[in-house]
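This is work27.cif (mmCIF, C-alpha atoms).
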data_model
loop_
_atom_site.label_atom_id
_atom_site.label_comp_id
_atom_site.auth_asym_id
_atom_site.auth_seq_id
_atom_site.Cartn_x
_atom_site.Cartn_y
_atom_site.Cartn_z
CA MET A 1 -27.62 -2.98 43.03
CA SER A 2 -26.99 0.63 44.07
CA GLU A 3 -24.06 -0.49 46.22
CA GLN A 4 -22.53 -2.26 43.22
CA VAL A 5 -22.88 0.85 41.02
CA THR A 6 -21.37 3.01 43.76
CA SER A 7 -18.44 0.60 44.08
CA GLN A 8 -17.80 0.72 40.33
CA GLU A 9 -17.92 4.51 40.30
CA THR A 10 -15.48 4.64 43.24
CA THR A 11 -13.07 2.30 41.44
CA ALA A 12 -13.27 4.41 38.27
CA VAL A 13 -12.60 7.61 40.22
CA GLN A 14 -9.60 6.02 41.92
CA ALA A 15 -8.26 4.76 38.58
CA GLU A 16 -8.32 8.20 36.93
CA PRO A 17 -5.32 9.62 38.87
CA LEU A 18 -3.37 6.44 38.14
CA GLN A 19 -4.06 6.75 34.41
CA GLN A 20 -3.08 10.42 34.46
CA ALA A 21 0.13 9.57 36.32
CA GLU A 22 0.98 6.87 33.77
CA ALA A 23 0.42 9.35 30.95
CA GLN A 24 2.74 11.83 32.66
CA LEU A 25 5.47 9.21 32.95
CA GLN A 26 5.49 8.50 29.20
CA PRO A 27 8.25 10.38 27.35
CA VAL A 28 7.25 13.20 25.05
CA LYS A 29 7.56 12.16 21.39
CA TRP A 30 8.88 15.07 19.36
CA LYS A 31 9.77 13.23 16.14
CA PHE A 32 6.54 13.84 14.28
CA PRO A 33 5.89 17.42 15.52
CA ILE A 34 9.41 18.40 14.42
CA THR A 35 8.87 16.69 11.07
CA TYR A 36 5.61 18.57 10.56
CA ALA A 37 7.35 21.85 11.38
CA LEU A 38 10.23 21.18 8.97
CA LEU A 39 7.86 20.20 6.15
CA ALA A 40 5.73 23.29 6.76
CA LEU A 41 8.84 25.49 6.62
CA LEU A 42 9.90 23.70 3.43
CA SER A 43 6.50 24.43 1.93
CA LEU A 44 6.73 28.07 2.95
CA GLY A 45 10.36 28.59 1.93
CA VAL A 46 10.37 26.63 -1.34
CA PHE A 47 6.86 26.04 -2.66
CA THR A 48 5.72 29.57 -1.79
CA LEU A 49 8.71 31.89 -2.12
CA LEU A 50 10.04 30.21 -5.28
CA SER A 51 6.70 30.31 -7.08
CA PRO A 52 6.96 32.74 -10.04
CA SER A 53 5.38 36.11 -9.38
CA GLY A 54 1.99 36.42 -11.06
CA ALA A 55 2.02 32.77 -12.17
CA VAL A 56 -1.12 30.66 -12.25
CA THR A 57 -1.49 26.92 -11.61
CA GLN A 58 -4.22 25.14 -13.55
CA PHE A 59 -6.03 22.01 -12.36
CA ARG A 60 -8.34 19.87 -14.48
CA LEU A 61 -10.92 18.11 -12.29
CA ALA A 62 -12.62 15.98 -14.93
CA THR A 63 -12.00 14.17 -18.19
CA ALA A 64 -13.89 14.49 -21.44
CA THR A 65 -15.75 11.21 -20.84
CA ASP A 66 -17.04 12.07 -17.35
CA PHE A 67 -20.80 12.23 -16.87
CA ILE A 68 -20.46 15.49 -14.93
CA THR A 69 -17.72 17.75 -16.27
CA LEU A 70 -16.38 20.16 -13.68
CA PRO A 71 -14.74 23.36 -14.91
CA ALA A 72 -10.98 23.73 -14.72
CA VAL A 73 -9.60 25.60 -11.71
CA GLU A 74 -6.99 28.34 -12.01
CA ALA A 75 -5.26 29.31 -8.78
CA PRO A 76 -2.73 32.11 -8.24
CA SER A 77 0.39 30.15 -7.42
CA PHE A 78 2.00 32.37 -4.78
CA ALA A 79 -1.17 33.18 -2.83
CA THR A 80 -2.44 29.59 -2.90
CA ALA A 81 0.89 28.13 -1.80
CA LEU A 82 1.11 30.75 0.96
CA VAL A 83 -2.32 29.87 2.35
CA LEU A 84 -1.59 26.15 2.22
CA SER A 85 1.78 26.67 3.92
CA LEU A 86 0.25 28.75 6.71
CA LEU A 87 -2.34 26.04 7.31
CA GLN A 88 0.49 23.52 7.56
CA LEU A 89 2.27 25.71 10.09
CA GLY A 90 -0.93 25.80 12.12
CA LEU A 91 -1.19 22.02 12.09
CA ALA A 92 2.49 21.74 13.04
CA ALA A 93 1.91 24.09 15.99
CA LEU A 94 -1.07 21.97 17.02
CA ALA A 95 1.11 18.84 16.89
CA ILE A 96 3.76 20.51 19.08
CA PHE A 97 1.10 21.63 21.57
CA ALA A 98 -0.45 18.15 21.65
CA ALA A 99 2.93 16.50 22.16
CA ALA A 100 3.79 18.82 25.03
CA ARG A 101 0.45 18.07 26.70
CA ARG A 102 0.71 14.37 25.79
CA ILE A 103 -2.52 14.57 23.81
CA ARG A 104 -2.93 12.02 21.05
CA LEU A 105 -4.26 13.46 17.81
CA GLY A 106 -6.38 11.34 15.49
CA ILE A 107 -5.52 10.01 12.06
CA TRP A 108 -7.18 13.09 10.58
CA HIS A 109 -4.16 15.22 11.50
CA PRO A 110 -1.44 13.52 9.38
CA MET A 111 -3.91 12.94 6.54
CA LEU A 112 -4.93 16.62 6.46
CA PHE A 113 -1.32 17.78 6.75
CA GLY A 114 -0.22 15.44 3.97
CA THR A 115 -3.03 16.63 1.70
CA LEU A 116 -2.11 20.28 2.23
CA PHE A 117 1.59 19.57 1.66
CA VAL A 118 0.92 17.69 -1.59
CA LEU A 119 -1.40 20.44 -2.85
CA ALA A 120 1.25 23.07 -2.10
CA PHE A 121 3.81 21.00 -3.99
CA LEU A 122 1.49 20.60 -6.98
CA VAL A 123 0.78 24.34 -7.01
CA TYR A 124 4.51 25.04 -7.08
CA ALA A 125 5.27 22.34 -9.66
CA GLY A 126 2.57 23.52 -12.05
CA ALA A 127 3.11 27.27 -11.60
CA GLY A 128 3.32 29.00 -14.98
CA ARG A 129 3.66 25.72 -16.87
CA GLY A 130 0.83 26.53 -19.27
CA ALA A 131 -0.51 22.99 -18.84
CA PHE A 132 -3.27 21.59 -16.70
CA ILE A 133 -2.53 19.17 -13.86
CA PRO A 134 -5.04 16.36 -14.53
CA MET A 135 -6.24 15.44 -11.05
CA VAL A 136 -8.48 12.54 -12.16
CA THR A 137 -5.64 11.05 -14.21
CA LEU A 138 -3.20 11.55 -11.33
CA LEU A 139 -5.50 9.87 -8.80
CA SER A 140 -6.44 7.05 -11.18
CA GLY A 141 -2.77 6.41 -11.87
CA ALA A 142 -2.06 6.37 -8.13
CA LEU A 143 -4.73 3.74 -7.55
CA MET A 144 -3.64 1.54 -10.44
CA LEU A 145 0.03 1.74 -9.46
CA SER A 146 -0.98 0.75 -5.93
CA VAL A 147 -2.88 -2.39 -6.97
CA PRO A 148 0.09 -4.82 -7.00
CA LEU A 149 1.49 -3.18 -3.87
CA ILE A 150 -1.79 -3.65 -1.99
CA PHE A 151 -2.12 -7.29 -3.05
CA GLY A 152 1.52 -7.89 -2.12
CA ALA A 153 1.12 -6.18 1.26
CA MET A 154 -1.99 -8.26 2.05
CA CYS A 155 -0.03 -11.38 1.08
CA GLY A 156 2.81 -10.50 3.43
CA LEU A 157 0.37 -9.63 6.22
CA VAL A 158 -1.43 -13.00 6.13
CA GLY A 159 1.83 -14.94 5.94
CA GLU A 160 3.70 -13.06 8.64
CA ARG A 161 0.71 -12.95 10.98
CA SER A 162 0.94 -16.75 10.75
CA GLY A 163 4.63 -16.71 11.62
CA ILE A 164 6.14 -17.12 8.13
CA ILE A 165 8.45 -14.36 6.85
CA ASN A 166 7.58 -13.81 3.21
CA ILE A 167 10.49 -12.32 1.29
CA ALA A 168 9.19 -14.12 -1.82
CA ILE A 169 6.41 -11.59 -2.57
CA GLU A 170 8.43 -10.37 -5.55
CA GLY A 171 8.57 -13.89 -6.98
CA GLN A 172 4.87 -14.45 -6.32
CA LEU A 173 3.93 -11.26 -8.17
CA LEU A 174 6.16 -12.18 -11.11
CA ALA A 175 4.83 -15.75 -11.26
CA GLY A 176 1.26 -14.46 -11.23
CA ALA A 177 2.02 -12.02 -14.05
CA PHE A 178 3.64 -14.79 -16.12
CA LEU A 179 0.87 -17.38 -15.77
CA ALA A 180 -1.83 -14.73 -16.26
CA ALA A 181 -0.25 -13.64 -19.54
CA VAL A 182 0.26 -17.21 -20.81
CA ALA A 183 -3.23 -18.44 -19.87
CA ALA A 184 -4.94 -15.30 -21.17
CA SER A 185 -3.05 -15.51 -24.46
CA PHE A 186 -3.63 -19.25 -24.98
CA PHE A 187 -7.37 -19.08 -24.24
CA THR A 188 -7.74 -15.54 -25.68
CA SER A 189 -9.48 -14.42 -22.51
CA ALA A 190 -8.19 -12.01 -19.89
CA TYR A 191 -10.56 -13.54 -17.33
CA VAL A 192 -8.93 -16.96 -17.73
CA GLY A 193 -5.57 -15.30 -17.07
CA LEU A 194 -7.01 -13.67 -13.96
CA LEU A 195 -8.24 -17.07 -12.71
CA ALA A 196 -4.85 -18.69 -13.39
CA ALA A 197 -2.71 -16.04 -11.66
CA PRO A 198 -3.50 -17.03 -8.04
CA PHE A 199 -2.33 -20.62 -8.69
CA ALA A 200 1.13 -19.38 -9.67
CA GLY A 201 1.45 -17.27 -6.54
CA ALA A 202 0.07 -20.08 -4.38
CA ALA A 203 2.64 -22.50 -5.84
CA VAL A 204 5.50 -20.19 -4.81
CA GLY A 205 3.91 -19.77 -1.39
CA GLY A 206 3.61 -23.55 -1.11
CA LEU A 207 7.33 -23.99 -1.78
CA LEU A 208 8.14 -21.32 0.80
CA VAL A 209 6.06 -22.89 3.55
CA TRP A 210 7.10 -26.45 2.63
CA PHE A 211 10.79 -25.71 3.21
CA SER A 212 10.00 -23.53 6.23
CA VAL A 213 7.63 -25.88 8.06
CA LYS A 214 8.86 -29.34 7.04
CA TYR A 215 12.62 -28.76 6.94
CA HIS A 216 12.89 -25.65 9.17
CA VAL A 217 15.04 -23.84 6.60
CA ASN A 218 15.76 -20.17 7.29
CA GLN A 219 12.73 -18.39 5.84
CA ILE A 220 14.60 -15.33 4.62
CA ILE A 221 17.05 -17.46 2.67
CA VAL A 222 14.22 -19.52 1.17
CA GLY A 223 12.40 -16.34 0.12
CA VAL A 224 15.47 -14.92 -1.59
CA VAL A 225 16.14 -18.23 -3.38
CA LEU A 226 12.53 -18.44 -4.58
CA ASN A 227 12.73 -14.90 -5.98
CA VAL A 228 15.83 -15.85 -7.95
CA LEU A 229 14.21 -19.12 -9.05
CA VAL A 230 11.07 -17.43 -10.37
CA ILE A 231 13.08 -14.75 -12.17
CA GLY A 232 15.23 -17.43 -13.79
CA LEU A 233 12.32 -19.68 -14.81
CA THR A 234 10.18 -16.89 -16.23
CA SER A 235 13.14 -15.41 -18.11
CA PHE A 236 13.98 -18.84 -19.54
CA PHE A 237 10.43 -19.53 -20.74
CA TYR A 238 10.13 -15.99 -22.04
CA SER A 239 13.23 -16.30 -24.22
CA THR A 240 12.60 -19.87 -25.37
CA VAL A 241 8.81 -20.17 -25.65
CA LEU A 242 7.03 -16.83 -25.44
CA THR A 243 9.24 -15.01 -27.93
CA GLN A 244 9.14 -17.92 -30.39
CA ASP A 245 5.35 -17.77 -30.76
CA PRO A 246 4.08 -14.60 -29.06
CA GLY A 247 0.75 -14.80 -30.87
CA LEU A 248 -0.05 -18.04 -29.05
CA TRP A 249 1.69 -17.62 -25.71
CA ASN A 250 2.15 -13.89 -25.11
CA ALA A 251 -0.56 -11.93 -26.92
CA ARG A 252 -2.01 -8.92 -25.14
CA GLN A 253 -5.31 -9.44 -23.35
CA GLN A 254 -6.87 -6.78 -21.14
CA LEU A 255 -9.59 -6.88 -18.53
CA PRO A 256 -12.44 -4.53 -19.46
CA ARG A 257 -13.53 -1.69 -17.23
CA LEU A 258 -16.80 -2.28 -15.39
CA PRO A 259 -18.26 1.09 -14.33
CA ILE A 260 -20.69 0.89 -11.40
CA PRO A 261 -23.89 2.75 -12.36
CA GLY A 262 -24.39 5.88 -10.33
CA LEU A 263 -21.18 5.66 -8.30
CA SER A 264 -18.93 6.00 -11.36
CA GLN A 265 -20.66 9.29 -12.21
CA ILE A 266 -19.64 11.04 -8.98
CA PRO A 267 -17.26 13.90 -9.88
CA VAL A 268 -13.53 13.27 -9.39
CA ILE A 269 -13.71 10.19 -7.14
CA GLY A 270 -16.29 8.32 -9.23
CA PRO A 271 -14.07 7.67 -12.27
CA VAL A 272 -11.15 6.91 -9.95
CA LEU A 273 -12.78 4.37 -7.64
CA PHE A 274 -15.80 3.00 -9.46
CA ASN A 275 -14.80 2.80 -13.12
CA GLN A 276 -12.28 0.02 -12.76
CA THR A 277 -11.68 -3.58 -13.73
CA ILE A 278 -12.81 -6.61 -11.74
CA LEU A 279 -9.26 -6.94 -10.43
CA VAL A 280 -9.53 -3.61 -8.60
CA TYR A 281 -12.95 -4.53 -7.21
CA LEU A 282 -11.46 -7.81 -5.95
CA MET A 283 -8.79 -5.74 -4.22
CA TYR A 284 -11.49 -3.74 -2.42
CA ILE A 285 -13.19 -6.94 -1.28
CA ILE A 286 -9.97 -8.59 -0.06
CA VAL A 287 -8.85 -5.53 1.93
CA ILE A 288 -12.27 -5.13 3.57
CA ALA A 289 -12.53 -8.86 4.29
CA LEU A 290 -9.06 -9.07 5.84
CA ASN A 291 -9.66 -5.95 7.90
CA ILE A 292 -12.65 -7.73 9.46
CA LEU A 293 -11.45 -11.33 9.53
CA VAL A 294 -7.95 -10.79 10.95
CA PHE A 295 -9.28 -9.21 14.14
CA LYS A 296 -12.91 -10.31 14.40
CA SER A 297 -13.12 -13.95 13.37
CA ARG A 298 -12.06 -17.36 14.65
CA TRP A 299 -9.74 -17.76 11.67
CA GLY A 300 -8.03 -14.46 12.41
CA LEU A 301 -7.71 -15.28 16.11
CA ARG A 302 -6.07 -18.61 15.34
CA MET A 303 -3.77 -17.05 12.78
CA ARG A 304 -2.60 -14.38 15.21
CA ALA A 305 -2.19 -16.94 17.97
CA VAL A 306 0.03 -19.08 15.74
CA GLY A 307 2.10 -16.03 14.81
CA GLU A 308 2.44 -14.74 18.36
CA HIS A 309 2.65 -17.83 20.56
CA PRO A 310 2.50 -21.13 18.66
CA LYS A 311 3.11 -23.22 21.78
CA ALA A 312 0.05 -21.78 23.49
CA ALA A 313 -1.95 -22.22 20.28
CA ASP A 314 -0.92 -25.86 20.08
CA THR A 315 -1.89 -26.35 23.72
CA VAL A 316 -5.50 -25.33 23.02
CA GLY A 317 -5.74 -27.65 20.02
CA ILE A 318 -4.73 -25.47 17.04
CA ASN A 319 -2.68 -27.34 14.45
CA VAL A 320 0.21 -24.91 14.04
CA PRO A 321 1.91 -26.43 10.94
CA ARG A 322 -1.37 -26.84 9.09
CA THR A 323 -2.46 -23.29 9.90
CA ARG A 324 0.83 -21.90 8.61
CA VAL A 325 0.68 -23.98 5.43
CA ILE A 326 -2.90 -23.03 4.56
CA ASN A 327 -2.43 -19.33 5.30
CA THR A 328 0.87 -19.04 3.42
CA VAL A 329 -0.58 -20.75 0.33
CA LEU A 330 -3.63 -18.47 0.58
CA ALA A 331 -1.33 -15.46 0.89
CA GLY A 332 0.54 -16.57 -2.23
CA GLY A 333 -2.73 -16.68 -4.13
CA ILE A 334 -3.44 -13.09 -3.11
CA ALA A 335 -0.03 -12.03 -4.40
CA GLY A 336 -0.68 -13.92 -7.65
CA LEU A 337 -3.75 -11.75 -8.20
CA GLY A 338 -1.54 -8.71 -7.76
CA GLY A 339 0.82 -10.06 -10.40
CA ALA A 340 -2.06 -10.28 -12.88
CA TYR A 341 -2.16 -6.47 -12.82
CA PHE A 342 1.16 -6.28 -14.68
CA THR A 343 -0.24 -8.19 -17.68
CA VAL A 344 -4.02 -8.60 -18.05
CA GLY A 345 -4.68 -5.69 -15.69
CA GLN A 346 -2.88 -3.27 -18.02
CA GLY A 347 -3.30 -5.14 -21.29
CA LEU A 348 0.43 -5.81 -21.61
CA ALA A 349 2.41 -8.81 -22.78
CA PHE A 350 4.72 -10.43 -20.28
CA GLY A 351 8.25 -9.03 -20.03
CA GLN A 352 11.28 -10.19 -18.12
CA GLU A 353 11.37 -9.03 -14.48
CA MET A 354 8.38 -6.79 -15.10
CA SER A 355 7.50 -6.74 -11.39
CA ALA A 356 10.56 -4.46 -11.02
CA GLY A 357 10.96 -4.68 -7.25
CA GLN A 358 7.30 -4.03 -6.43
CA GLY A 359 7.28 -7.02 -4.08
CA PHE A 360 9.90 -5.43 -1.84
CA ILE A 361 8.01 -2.13 -1.78
CA ALA A 362 4.88 -4.10 -0.85
CA LEU A 363 6.86 -5.63 2.02
CA ALA A 364 7.82 -2.13 3.16
CA ALA A 365 4.17 -1.05 2.92
CA MET A 366 3.18 -3.94 5.18
CA ILE A 367 5.79 -2.88 7.75
CA LEU A 368 4.80 0.77 7.46
CA GLY A 369 1.20 -0.33 8.03
CA ARG A 370 2.22 -2.21 11.19
CA TRP A 371 0.94 -5.58 9.96
CA ARG A 372 -2.62 -4.24 9.75
CA PRO A 373 -4.74 -4.33 6.56
CA LYS A 374 -5.87 -0.73 6.84
CA GLY A 375 -2.40 0.60 7.55
CA ALA A 376 -0.85 -1.46 4.75
CA LEU A 377 -3.52 -0.13 2.37
CA PHE A 378 -2.71 3.51 3.13
CA ALA A 379 1.03 2.86 2.91
CA ALA A 380 0.67 1.19 -0.50
CA LEU A 381 -1.51 4.07 -1.71
CA LEU A 382 1.19 6.49 -0.55
CA PHE A 383 3.82 4.69 -2.62
CA GLY A 384 1.52 4.52 -5.65
CA PHE A 385 0.60 8.19 -5.35
CA SER A 386 4.24 9.29 -5.16
CA THR A 387 5.00 7.34 -8.35
CA SER A 388 1.94 8.77 -10.12
CA VAL A 389 2.91 12.33 -9.13
CA GLY A 390 6.37 11.82 -10.59
CA GLN A 391 5.01 10.47 -13.87
CA THR A 392 2.34 13.16 -14.22
CA LEU A 393 4.63 16.10 -13.47
CA SER A 394 7.32 14.75 -15.77
CA ALA A 395 4.74 14.73 -18.57
CA ILE A 396 3.59 18.34 -18.10
CA GLY A 397 7.04 19.76 -17.32
CA THR A 398 8.11 21.03 -13.92
CA PRO A 399 11.08 22.81 -12.28
CA VAL A 400 11.56 19.75 -10.08
CA PRO A 401 14.20 17.41 -11.62
CA SER A 402 12.62 14.26 -13.03
CA GLU A 403 15.22 12.13 -11.24
CA MET A 404 13.99 13.41 -7.88
CA LEU A 405 10.41 12.62 -8.81
CA LEU A 406 11.34 9.07 -9.74
CA MET A 407 13.18 8.70 -6.43
CA LEU A 408 10.13 9.53 -4.31
CA PRO A 409 8.68 6.02 -3.73
CA TYR A 410 12.11 4.58 -2.93
CA VAL A 411 12.98 7.38 -0.52
CA ILE A 412 9.68 6.78 1.27
CA THR A 413 10.49 3.07 1.37
CA ILE A 414 13.89 3.73 2.98
CA PHE A 415 12.31 5.91 5.66
CA ALA A 416 9.67 3.25 6.29
CA VAL A 417 12.04 0.33 6.79
CA ALA A 418 14.48 2.51 8.75
CA GLY A 419 11.87 2.87 11.46
CA PHE A 420 10.97 6.50 10.83
CA VAL A 421 7.33 5.66 11.45
CA GLY A 422 8.15 4.67 15.00
CA ARG A 423 8.80 1.39 16.69
CA VAL A 424 6.92 -1.44 15.05
CA ARG A 425 6.66 -4.87 16.57
CA PRO A 426 6.31 -7.82 14.23
CA PRO A 427 4.51 -11.00 15.34
CA ALA A 428 6.59 -12.54 18.13
CA ALA A 429 7.01 -15.96 16.49
CA GLU A 430 7.68 -14.59 12.99
CA GLY A 431 10.43 -16.61 11.32
CA VAL A 432 10.75 -19.03 14.24
CA PRO A 433 10.28 -22.71 13.27
CA TYR A 434 7.81 -24.55 15.46
CA ILE A 435 9.12 -27.84 16.77
CA LYS A 436 6.98 -29.89 19.11
#
Can the structure in the file be given as structure tokens, please?
Amino acid sequence: MSEQVTSQETTAVQAEPLQQAEAQLQPVKWKFPITYALLALLSLGVFTLLSPSGAVTQFRLATATDFITLPAVEAPSFATALVLSLLQLGLAALAIFAAARRIRLGIWHPMLFGTLFVLAFLVYAGAGRGAFIPMVTLLSGALMLSVPLIFGAMCGLVGERSGIINIAIEGQLLAGAFLAAVAASFFTSAYVGLLAAPFAGAAVGGLLVWFSVKYHVNQIIVGVVLNVLVIGLTSFFYSTVLTQDPGLWNARQQLPRLPIPGLSQIPVIGPVLFNQTILVYLMYIIVIALNILVFKSRWGLRMRAVGEHPKAADTVGINVPRTRVINTVLAGGIAGLGGAYFTVGQGLAFGQEMSAGQGFIALAAMILGRWRPKGALFAALLFGFSTSVGQTLSAIGTPVPSEMLLMLPYVITIFAVAGFVGRVRPPAAEGVPYIK
């Protein structure tokens, strides 16, 4: 036994120089350290130096209905922005040092840097405005705006991990919104609309996988055609049926909020995370479940095998076509739930093309998240937060042009799909028809 332990220790000692040599051979990646440095200098040169002298930025950390009401915070704009900018410069220097030494920093580093940068921007945007920046409202808006993006990103992840490119997320969201509104209006129940929405998304997913698996049609073309088809059908029924009798077919129905006792009373994050509708709680469950199942279950292993190497999967007895069909239909149902947010989730009647390109942003969030549930979640939250910041600052007034604020989520999307986040590798068999 002692000889075996000694042998293992000797092997480990011999492997250490090899691992160090491999690390030394890897090229130094300067993209992110340089980006951190440029953003820190932007924060120092714009957010700090352009803050009005003697101005104060006011933050409201609670709403009137919160169980615990925190007092408003008033921060001197110049001094606060200066401190936040110096902290960013410190983190940028740490990133440069780590890159030079080939040390990998944890996820805490970009999250902390991003938080400091956003706070500096908010301090600058609200300096001397005479209005409070409502942090709870801003964060709640970010979460709600992220709901369809998260559902759409999870839909794309399940489909593409199975080898099916899903460009039809936009159509699945829109179909879910349409059927949710019609069913909720007809039965005068938002919950009925919520139950109906996944069937609409699953139907679009079924068409996508039927043409892709049975007829081997180019999946990107099928996705684009399905988007156009859903837009045309919903617009036709909206103009011919829904507008003729909106009281029967397109009346507003809204899901009620279901606060979780105790958790919803936590200051700031409680009202944001735990005073939501059942649709948001379903989103939590789906993200957590996929994060576990995709990588730690037999279903997830088979799905990834079909998406990476379908021939090998078929060799060990996995039915590749059936797996792709089931997973793509399931993914469509997830997107249908996201579409329900546009109608019963917000208490709105259905409108033409009300998904407004959210399916394509969800696709970008999935790519930015590297086909992983956790990464796609954070990417979708980033897009939702950027939209919420633009809407909130436009309401209180800010020196930043409103057009630039509205551009934020789309600029982030362009950087994401352009590969700014680094090289991302999709599933190897994605978009490749499987023919025995």
Can you translate the PyMOL selection byres ((chain A and resi 80-94) around 7) into the concrete residues it hits in this file, as a PDB file with C-alpha atoms, in the coordinates of the input?
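Listed below is the output, part_4.pdb:
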ATOM      1  CA  PRO A  33       5.890  17.420  15.520  1.00  0.00           C
ATOM      2  CA  TYR A  36       5.610  18.570  10.560  1.00  0.00           C
ATOM      3  CA  ALA A  37       7.350  21.850  11.380  1.00  0.00           C
ATOM      4  CA  ALA A  40       5.730  23.290   6.760  1.00  0.00           C
ATOM      5  CA  SER A  43       6.500  24.430   1.930  1.00  0.00           C
ATOM      6  CA  LEU A  44       6.730  28.070   2.950  1.00  0.00           C
ATOM      7  CA  PHE A  47       6.860  26.040  -2.660  1.00  0.00           C
ATOM      8  CA  THR A  48       5.720  29.570  -1.790  1.00  0.00           C
ATOM      9  CA  ALA A  75      -5.260  29.310  -8.780  1.00  0.00           C
ATOM     10  CA  PRO A  76      -2.730  32.110  -8.240  1.00  0.00           C
ATOM     11  CA  SER A  77       0.390  30.150  -7.420  1.00  0.00           C
ATOM     12  CA  PHE A  78       2.000  32.370  -4.780  1.00  0.00           C
ATOM     13  CA  ALA A  79      -1.170  33.180  -2.830  1.00  0.00           C
ATOM     14  CA  ALA A  95       1.110  18.840  16.890  1.00  0.00           C
ATOM     15  CA  ILE A  96       3.760  20.510  19.080  1.00  0.00           C
ATOM     16  CA  PHE A  97       1.100  21.630  21.570  1.00  0.00           C
ATOM     17  CA  ALA A  98      -0.450  18.150  21.650  1.00  0.00           C
ATOM     18  CA  PHE A 113      -1.320  17.780   6.750  1.00  0.00           C
ATOM     19  CA  LEU A 116      -2.110  20.280   2.230  1.00  0.00           C
ATOM     20  CA  ALA A 120       1.250  23.070  -2.100  1.00  0.00           C
ATOM     21  CA  VAL A 123       0.780  24.340  -7.010  1.00  0.00           C
TER      22      VAL A 123
END
Practice item. Choose the residue, out of A:Val230, A:Ala184, A:Ile285, A:Met111, that has the smallest atom-to-atom separation from Ala200 in chain A; count only C-alpha atoms. Key: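 Smallest separation from Ala200 in chain A among the options: A:Val230.
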Review point. Counting only C-alpha atoms, which of A:Ile165, A:Leu174, A:Leu194, A:Ile326 gets nearest to Pro433 in chain A?
Key: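 Closest residue, counting only C-alpha atoms: A:Ile165.
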Review point. So which residues touch Phe360 in chain A within 8 Å, counting only C-alpha atoms, skipping near sequence neighbours fewer than 6 positions away, as a PyMOL selection string?
Key: chain A and resi 167+169-170
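Pairwise distance (CA of Arg252 in chain A, CA of Val228 in chain A) equals 25.7 Å.
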Point to revise | Who sits within 12 Å of Asn275 in chain A, only C-alpha atoms, same chain under 2 positions skipped, as a count of residues only | key: 30
Incomplete range 270-281 of chain A brought to N, CA and C atoms, written out as an mmCIF file, in the frame of the given file:
data_model
loop_
_atom_site.group_PDB
_atom_site.id
_atom_site.type_symbol
_atom_site.label_atom_id
_atom_site.label_comp_id
_atom_site.auth_asym_id
_atom_site.auth_seq_id
_atom_site.Cartn_x
_atom_site.Cartn_y
_atom_site.Cartn_z
ATOM 1 N N GLY A 270 -15.540 9.363 -8.539
ATOM 2 C CA GLY A 270 -16.290 8.320 -9.230
ATOM 3 C C GLY A 270 -15.480 7.605 -10.296
ATOM 4 N N PRO A 271 -14.898 8.342 -11.262
ATOM 5 C CA PRO A 271 -14.070 7.670 -12.270
ATOM 6 C C PRO A 271 -12.838 6.994 -11.690
ATOM 7 N N VAL A 272 -12.366 7.482 -10.554
ATOM 8 C CA VAL A 272 -11.150 6.910 -9.950
ATOM 9 C C VAL A 272 -11.454 5.589 -9.269
ATOM 10 N N LEU A 273 -12.511 5.537 -8.476
ATOM 11 C CA LEU A 273 -12.780 4.370 -7.640
ATOM 12 C C LEU A 273 -13.753 3.373 -8.251
ATOM 13 N N PHE A 274 -14.690 3.849 -9.054
ATOM 14 C CA PHE A 274 -15.800 3.000 -9.460
ATOM 15 C C PHE A 274 -15.924 2.805 -10.965
ATOM 16 N N ASN A 275 -14.863 3.114 -11.684
ATOM 17 C CA ASN A 275 -14.800 2.800 -13.120
ATOM 18 C C ASN A 275 -13.529 2.000 -13.360
ATOM 19 N N GLN A 276 -13.488 0.816 -12.754
ATOM 20 C CA GLN A 276 -12.280 0.020 -12.760
ATOM 21 C C GLN A 276 -12.581 -1.393 -13.257
ATOM 22 N N THR A 277 -11.536 -2.196 -13.316
ATOM 23 C CA THR A 277 -11.680 -3.580 -13.730
ATOM 24 C C THR A 277 -12.071 -4.441 -12.532
ATOM 25 N N ILE A 278 -12.423 -5.698 -12.813
ATOM 26 C CA ILE A 278 -12.810 -6.610 -11.740
ATOM 27 C C ILE A 278 -11.646 -6.862 -10.798
ATOM 28 N N LEU A 279 -10.424 -6.733 -11.284
ATOM 29 C CA LEU A 279 -9.260 -6.940 -10.430
ATOM 30 C C LEU A 279 -9.205 -5.909 -9.314
ATOM 31 N N VAL A 280 -9.525 -4.664 -9.623
ATOM 32 C CA VAL A 280 -9.530 -3.610 -8.600
ATOM 33 C C VAL A 280 -10.670 -3.835 -7.615
ATOM 34 N N TYR A 281 -11.829 -4.252 -8.115
ATOM 35 C CA TYR A 281 -12.950 -4.530 -7.210
ATOM 36 C C TYR A 281 -12.628 -5.707 -6.284
#
